[in-house]
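What follows is one structure encoded as structure tokens, with my remarks underneath.
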Amino acid sequence: SQQGEEDPQALSIQEGENATMNCSYKTSINNLQWYRQNSGRGLVHLILIRSNEREKHSGRLRVTLDTSKKSSSLLITASRAADTASYFCAPILSGANNLFFGTGTRLTVIP
Amino acid sequence: DGGITQSPKYLFRKEGQNVTLSCEQNLNHDAMYWYRQDPGQGLRLIYYSQIVNDFQKGDIAEGYSVSREKKESFPLTVTSAQKNPTAFYLCATTDRGLPKAQHFGDGTRLSIL
């Protein structure tokens, strides 16, 4: 499979805690993107990290990329109930134009 | 995403019937995509189009057809040959050039009557 694979499949935390989701992929990439999907809605782009970057921040989000291990992680700090959603990673493979989505991590933040 | 409009939000198909899902965008993006999402699953690519009057099959194109006569529009037809059409269908767009973030509509949920 060329898709990213997220881990864990489901995560439940208390509001205010940090949430960490992991993504693994199998081949060389140009960049890797993270998306959020609220129930019954379309995906929303969160952050893009290029293959030559190791870490990137956006507000309460922190993404890391380790190309030697073919893995990425998404950290959401000080989580809120509104962060409850499914989170998907999408690697863009070298030489490809399309995204390949995994099955996602379903995050539940308990108020 | 306000720039991409998918309609209808809910659609029901009878046996042997073709149905068409609409996707319209005002983002002036060149590329458009159709994905299928089954419950608890990720997205699978059905068709994509990088430019008007051109489109390519994705991973699961069988039983589906598309057209790209205008930059703004990329309708998806679910034909009677698609025996298991019940799913959530998402349309997305990207601007040209790498790297690309995809912008998504809010989906159409298709069910069989």
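All residue names refer to the structure tokens as shown: chains lettered A, B, ... in order, residues numbered from 1 in each chain, ligands numbered from 1 in order.
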
Could you give me, as JSON lines, every chain A residue with an atom at most 12 Å from chain B, plus its closest atom pair and distance in Å to one decimal, counting only C-alpha atoms, rows ordered by chain then number?
{"residue": "A:Ser1", "atom": "CA", "partner": "B:Asp59", "partner_atom": "CA", "distance": 11.3}
{"residue": "A:Gln2", "atom": "CA", "partner": "B:Asp59", "partner_atom": "CA", "distance": 11.2}
{"residue": "A:Gln3", "atom": "CA", "partner": "B:Gly42", "partner_atom": "CA", "distance": 9.4}
{"residue": "A:Gly4", "atom": "CA", "partner": "B:Gly42", "partner_atom": "CA", "distance": 9.8}
{"residue": "A:Glu5", "atom": "CA", "partner": "B:Gly42", "partner_atom": "CA", "distance": 9.7}
{"residue": "A:Glu6", "atom": "CA", "partner": "B:Gly42", "partner_atom": "CA", "distance": 10.2}
{"residue": "A:Gln9", "atom": "CA", "partner": "B:Gly40", "partner_atom": "CA", "distance": 9.6}
{"residue": "A:Ala10", "atom": "CA", "partner": "B:Gly40", "partner_atom": "CA", "distance": 10.6}
{"residue": "A:Ile29", "atom": "CA", "partner": "B:Pro99", "partner_atom": "CA", "distance": 11.0}
{"residue": "A:Asn30", "atom": "CA", "partner": "B:Pro99", "partner_atom": "CA", "distance": 7.7}
{"residue": "A:Asn31", "atom": "CA", "partner": "B:Pro99", "partner_atom": "CA", "distance": 7.0}
{"residue": "A:Leu32", "atom": "CA", "partner": "B:Pro99", "partner_atom": "CA", "distance": 9.2}
{"residue": "A:Gln33", "atom": "CA", "partner": "B:Ala101", "partner_atom": "CA", "distance": 7.5}
{"residue": "A:Trp34", "atom": "CA", "partner": "B:Ala101", "partner_atom": "CA", "distance": 9.4}
{"residue": "A:Tyr35", "atom": "CA", "partner": "B:Gln102", "partner_atom": "CA", "distance": 9.3}
{"residue": "A:Arg36", "atom": "CA", "partner": "B:Phe104", "partner_atom": "CA", "distance": 10.9}
{"residue": "A:Gln37", "atom": "CA", "partner": "B:Asp106", "partner_atom": "CA", "distance": 9.9}
{"residue": "A:Asn38", "atom": "CA", "partner": "B:Asp106", "partner_atom": "CA", "distance": 10.0}
{"residue": "A:Ser39", "atom": "CA", "partner": "B:Asp106", "partner_atom": "CA", "distance": 10.3}
{"residue": "A:Gly40", "atom": "CA", "partner": "B:Asp106", "partner_atom": "CA", "distance": 7.7}
{"residue": "A:Arg41", "atom": "CA", "partner": "B:Asp106", "partner_atom": "CA", "distance": 4.9}
{"residue": "A:Gly42", "atom": "CA", "partner": "B:Asp106", "partner_atom": "CA", "distance": 4.3}
{"residue": "A:Leu43", "atom": "CA", "partner": "B:Phe104", "partner_atom": "CA", "distance": 5.7}
{"residue": "A:Val44", "atom": "CA", "partner": "B:Phe104", "partner_atom": "CA", "distance": 6.8}
{"residue": "A:His45", "atom": "CA", "partner": "B:Ala101", "partner_atom": "CA", "distance": 6.5}
{"residue": "A:Leu46", "atom": "CA", "partner": "B:Ala101", "partner_atom": "CA", "distance": 9.0}
{"residue": "A:Ile47", "atom": "CA", "partner": "B:Ala101", "partner_atom": "CA", "distance": 8.5}
{"residue": "A:Leu48", "atom": "CA", "partner": "B:Ala101", "partner_atom": "CA", "distance": 7.5}
{"residue": "A:Ile49", "atom": "CA", "partner": "B:Pro99", "partner_atom": "CA", "distance": 9.3}
{"residue": "A:Arg50", "atom": "CA", "partner": "B:Pro99", "partner_atom": "CA", "distance": 8.1}
{"residue": "A:Ser51", "atom": "CA", "partner": "B:Pro99", "partner_atom": "CA", "distance": 10.6}
{"residue": "A:Ser86", "atom": "CA", "partner": "B:Gly40", "partner_atom": "CA", "distance": 9.5}
{"residue": "A:Tyr87", "atom": "CA", "partner": "B:Gly42", "partner_atom": "CA", "distance": 10.0}
{"residue": "A:Phe88", "atom": "CA", "partner": "B:Gly42", "partner_atom": "CA", "distance": 7.9}
{"residue": "A:Cys89", "atom": "CA", "partner": "B:Gly42", "partner_atom": "CA", "distance": 9.9}
{"residue": "A:Ala90", "atom": "CA", "partner": "B:Ala101", "partner_atom": "CA", "distance": 10.0}
{"residue": "A:Pro91", "atom": "CA", "partner": "B:Lys100", "partner_atom": "CA", "distance": 10.9}
{"residue": "A:Ile92", "atom": "CA", "partner": "B:Pro99", "partner_atom": "CA", "distance": 8.5}
{"residue": "A:Leu93", "atom": "CA", "partner": "B:Pro99", "partner_atom": "CA", "distance": 11.0}
{"residue": "A:Ser94", "atom": "CA", "partner": "B:Leu98", "partner_atom": "CA", "distance": 10.9}
{"residue": "A:Gly95", "atom": "CA", "partner": "B:Leu98", "partner_atom": "CA", "distance": 10.5}
{"residue": "A:Ala96", "atom": "CA", "partner": "B:Leu98", "partner_atom": "CA", "distance": 10.0}
{"residue": "A:Asn97", "atom": "CA", "partner": "B:Leu98", "partner_atom": "CA", "distance": 8.1}
{"residue": "A:Asn98", "atom": "CA", "partner": "B:Leu45", "partner_atom": "CA", "distance": 8.8}
{"residue": "A:Leu99", "atom": "CA", "partner": "B:Gln102", "partner_atom": "CA", "distance": 8.7}
{"residue": "A:Phe100", "atom": "CA", "partner": "B:Arg44", "partner_atom": "CA", "distance": 7.8}
{"residue": "A:Phe101", "atom": "CA", "partner": "B:Leu43", "partner_atom": "CA", "distance": 5.7}
{"residue": "A:Gly102", "atom": "CA", "partner": "B:Gly42", "partner_atom": "CA", "distance": 5.1}
{"residue": "A:Thr103", "atom": "CA", "partner": "B:Gly42", "partner_atom": "CA", "distance": 3.9}
{"residue": "A:Gly104", "atom": "CA", "partner": "B:Gly42", "partner_atom": "CA", "distance": 6.3}
{"residue": "A:Thr105", "atom": "CA", "partner": "B:Gly40", "partner_atom": "CA", "distance": 9.7}
{"residue": "A:Arg106", "atom": "CA", "partner": "B:Gly40", "partner_atom": "CA", "distance": 9.0}

- Distance query Gly63 (chain B) at most 6 Å, only C-alpha atoms, self and fewer than 6 positions along chain excluded, as a list in words: Thr79, Ala81 and Gln82 of chain B

Filtering to N, CA and C atoms, could you give me those residues as a compact mmCIF listing (two decimals), in the first residue's frame?
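Listing of part-v2.txt after writing:
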# COMPACT_ATOMS: atom_id res chain seq x y z
N THR B 79 -22.67 4.71 -11.84
CA THR B 79 -23.48 3.94 -12.77
C THR B 79 -24.05 2.69 -12.10
N ALA B 81 -23.41 -0.15 -12.85
CA ALA B 81 -22.35 -1.16 -12.78
C ALA B 81 -21.64 -1.15 -11.44
N GLN B 82 -21.81 -0.08 -10.67
CA GLN B 82 -21.21 0.00 -9.33
C GLN B 82 -22.18 -0.69 -8.37

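Take CA of Ala82 (chain A) and CA of Lys56 (chain A): the distance between them is 21.9 Å.
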
- Message: Report, in Å with one decimal, the straight-line distance from CA of Asn52 (chain A) to CA of Ser28 (chain A).
- Response: 11.7 Å

- Task: Identify, on the basis of only C-alpha atoms, every residue whose closest approach to region 15-29 of chain B does not exceed 7 Å; exclude the query and any residue fewer than 6 positions from it along the same chain; express the result as a VMD selection string.
- Result: chain B and resid 3 to 8 72 to 80 91 93 to 95

- Could you pull the residues within 10 Å of Lys57 (chain B), counting only C-alpha atoms, minus those fewer than 6 positions along the same chain, as a list in words? Leu45, Ile46, Tyr47, Tyr48, Ser49, Tyr64, Ser65 and Val66 of chain B

Writing out the chosen residues with all heavy atoms as a compact mmCIF listing (two decimals), in the first residue's frame:
# COMPACT_ATOMS: atom_id res chain seq x y z
N LEU B 45 -9.22 7.08 -4.02
CA LEU B 45 -9.34 7.95 -5.17
C LEU B 45 -10.10 7.26 -6.29
O LEU B 45 -9.75 6.15 -6.70
CB LEU B 45 -7.94 8.36 -5.65
CG LEU B 45 -7.86 9.32 -6.82
CD1 LEU B 45 -8.48 10.67 -6.46
CD2 LEU B 45 -6.40 9.50 -7.25
N ILE B 46 -11.14 7.93 -6.81
CA ILE B 46 -11.95 7.37 -7.89
C ILE B 46 -11.45 7.89 -9.25
O ILE B 46 -11.11 7.10 -10.13
CB ILE B 46 -13.44 7.75 -7.72
CG1 ILE B 46 -13.96 7.32 -6.35
CG2 ILE B 46 -14.28 7.10 -8.83
CD1 ILE B 46 -15.36 7.82 -6.05
N TYR B 47 -11.46 9.19 -9.41
CA TYR B 47 -11.00 9.85 -10.64
C TYR B 47 -10.36 11.18 -10.25
O TYR B 47 -10.69 11.76 -9.22
CB TYR B 47 -12.18 10.13 -11.58
CG TYR B 47 -12.49 9.07 -12.60
CD1 TYR B 47 -13.52 8.15 -12.37
CD2 TYR B 47 -11.79 9.00 -13.80
CE1 TYR B 47 -13.82 7.18 -13.31
CE2 TYR B 47 -12.09 8.02 -14.75
CZ TYR B 47 -13.11 7.11 -14.49
OH TYR B 47 -13.42 6.15 -15.42
N TYR B 48 -9.49 11.66 -11.12
CA TYR B 48 -8.97 13.00 -10.95
C TYR B 48 -8.75 13.65 -12.32
O TYR B 48 -8.61 12.96 -13.33
CB TYR B 48 -7.69 13.02 -10.12
CG TYR B 48 -6.50 12.30 -10.72
CD1 TYR B 48 -5.50 13.02 -11.38
CD2 TYR B 48 -6.36 10.93 -10.59
CE1 TYR B 48 -4.40 12.37 -11.91
CE2 TYR B 48 -5.26 10.27 -11.12
CZ TYR B 48 -4.28 10.99 -11.77
OH TYR B 48 -3.19 10.34 -12.30
N SER B 49 -8.72 14.98 -12.29
CA SER B 49 -8.55 15.75 -13.52
C SER B 49 -7.57 16.87 -13.24
O SER B 49 -7.76 17.66 -12.32
CB SER B 49 -9.90 16.33 -13.96
OG SER B 49 -9.73 17.29 -14.98
N TYR B 64 -17.84 3.96 -12.19
CA TYR B 64 -17.96 5.41 -12.10
C TYR B 64 -17.56 6.04 -13.43
O TYR B 64 -16.77 5.47 -14.18
CB TYR B 64 -17.06 5.97 -11.01
CG TYR B 64 -17.34 5.45 -9.62
CD1 TYR B 64 -16.59 4.40 -9.09
CD2 TYR B 64 -18.34 6.01 -8.83
CE1 TYR B 64 -16.83 3.92 -7.82
CE2 TYR B 64 -18.59 5.55 -7.55
CZ TYR B 64 -17.83 4.50 -7.05
OH TYR B 64 -18.07 4.02 -5.79
N SER B 65 -18.08 7.24 -13.70
CA SER B 65 -17.62 8.01 -14.85
C SER B 65 -17.62 9.49 -14.47
O SER B 65 -18.34 9.91 -13.57
CB SER B 65 -18.50 7.78 -16.08
OG SER B 65 -19.81 8.28 -15.86
N VAL B 66 -16.79 10.27 -15.18
CA VAL B 66 -16.68 11.70 -14.92
C VAL B 66 -16.59 12.46 -16.23
O VAL B 66 -16.39 11.88 -17.29
CB VAL B 66 -15.44 12.04 -14.06
CG1 VAL B 66 -15.56 11.47 -12.65
CG2 VAL B 66 -14.17 11.56 -14.74

- Item | Residue neighbourhood Val109 (chain A), 8 Å, only C-alpha atoms, exclusion window fewer than 4 positions, as a ChimeraX atom specification | /A:12-15,79-84

Run DSSP on the backbone of this structure and report the residues of chain B it assigns to strand (DSSP E), as a PDB file with C-alpha atoms, in the first residue's frame.
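Final output, saved to states.pdb:
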ATOM      1  CA  ILE B   4     -16.264  23.972  -3.172  1.00  0.00           C
ATOM      2  CA  THR B   5     -19.922  23.076  -3.364  1.00  0.00           C
ATOM      3  CA  GLN B   6     -21.088  19.498  -3.483  1.00  0.00           C
ATOM      4  CA  SER B   7     -24.723  18.643  -4.113  1.00  0.00           C
ATOM      5  CA  TYR B  10     -27.896  13.164   0.547  1.00  0.00           C
ATOM      6  CA  LEU B  11     -28.785  11.006  -2.451  1.00  0.00           C
ATOM      7  CA  PHE B  12     -30.644   7.754  -2.837  1.00  0.00           C
ATOM      8  CA  ARG B  13     -30.226   5.399  -5.736  1.00  0.00           C
ATOM      9  CA  VAL B  19     -26.983   9.036 -10.409  1.00  0.00           C
ATOM     10  CA  THR B  20     -24.801  12.115 -10.790  1.00  0.00           C
ATOM     11  CA  LEU B  21     -23.061  13.942  -7.973  1.00  0.00           C
ATOM     12  CA  SER B  22     -22.221  17.576  -8.533  1.00  0.00           C
ATOM     13  CA  CYS B  23     -18.978  19.334  -7.591  1.00  0.00           C
ATOM     14  CA  GLU B  24     -18.507  23.030  -8.351  1.00  0.00           C
ATOM     15  CA  GLN B  25     -15.559  25.223  -7.317  1.00  0.00           C
ATOM     16  CA  ALA B  31      -6.997  19.979 -10.472  1.00  0.00           C
ATOM     17  CA  MET B  32     -10.105  18.269  -9.156  1.00  0.00           C
ATOM     18  CA  TYR B  33     -10.521  14.909  -7.451  1.00  0.00           C
ATOM     19  CA  TRP B  34     -13.250  12.497  -6.418  1.00  0.00           C
ATOM     20  CA  TYR B  35     -12.811  10.240  -3.400  1.00  0.00           C
ATOM     21  CA  ARG B  36     -14.944   7.569  -1.841  1.00  0.00           C
ATOM     22  CA  GLN B  37     -15.000   7.055   1.929  1.00  0.00           C
ATOM     23  CA  LEU B  43     -10.301   7.976   1.329  1.00  0.00           C
ATOM     24  CA  ARG B  44      -9.894   6.096  -1.916  1.00  0.00           C
ATOM     25  CA  LEU B  45      -9.336   7.951  -5.174  1.00  0.00           C
ATOM     26  CA  ILE B  46     -11.948   7.373  -7.890  1.00  0.00           C
ATOM     27  CA  TYR B  47     -10.999   9.847 -10.642  1.00  0.00           C
ATOM     28  CA  TYR B  48      -8.973  13.001 -10.951  1.00  0.00           C
ATOM     29  CA  SER B  49      -8.552  15.753 -13.522  1.00  0.00           C
ATOM     30  CA  GLN B  50      -5.510  18.006 -13.849  1.00  0.00           C
ATOM     31  CA  ILE B  51      -6.962  20.143 -16.627  1.00  0.00           C
ATOM     32  CA  ASP B  54      -8.729  15.533 -19.393  1.00  0.00           C
ATOM     33  CA  PHE B  55      -9.149  13.079 -16.518  1.00  0.00           C
ATOM     34  CA  GLN B  56      -7.471   9.958 -15.174  1.00  0.00           C
ATOM     35  CA  LYS B  57      -8.681   6.867 -13.352  1.00  0.00           C
ATOM     36  CA  TYR B  64     -17.961   5.406 -12.105  1.00  0.00           C
ATOM     37  CA  SER B  65     -17.622   8.013 -14.845  1.00  0.00           C
ATOM     38  CA  VAL B  66     -16.684  11.700 -14.916  1.00  0.00           C
ATOM     39  CA  LEU B  76     -19.283  12.178 -10.937  1.00  0.00           C
ATOM     40  CA  THR B  77     -21.769   9.632 -12.252  1.00  0.00           C
ATOM     41  CA  VAL B  78     -22.289   6.464 -10.249  1.00  0.00           C
ATOM     42  CA  ALA B  87     -20.570   5.563   0.706  1.00  0.00           C
ATOM     43  CA  PHE B  88     -19.598   9.153   1.436  1.00  0.00           C
ATOM     44  CA  TYR B  89     -18.267  10.900  -1.679  1.00  0.00           C
ATOM     45  CA  LEU B  90     -15.841  13.785  -1.397  1.00  0.00           C
ATOM     46  CA  CYS B  91     -14.685  16.206  -4.045  1.00  0.00           C
ATOM     47  CA  ALA B  92     -11.394  18.078  -3.682  1.00  0.00           C
ATOM     48  CA  THR B  93      -9.352  20.620  -5.607  1.00  0.00           C
ATOM     49  CA  THR B  94      -5.756  21.798  -5.696  1.00  0.00           C
ATOM     50  CA  HIS B 103      -9.407  21.683  -0.444  1.00  0.00           C
ATOM     51  CA  PHE B 104     -12.497  19.579   0.164  1.00  0.00           C
ATOM     52  CA  THR B 108     -22.488  13.693  -0.659  1.00  0.00           C
ATOM     53  CA  ARG B 109     -23.811  10.659   1.172  1.00  0.00           C
ATOM     54  CA  LEU B 110     -25.182   8.096  -1.277  1.00  0.00           C
ATOM     55  CA  SER B 111     -27.416   5.237  -0.206  1.00  0.00           C
ATOM     56  CA  ILE B 112     -29.286   2.477  -2.022  1.00  0.00           C
TER      57      ILE B 112
END
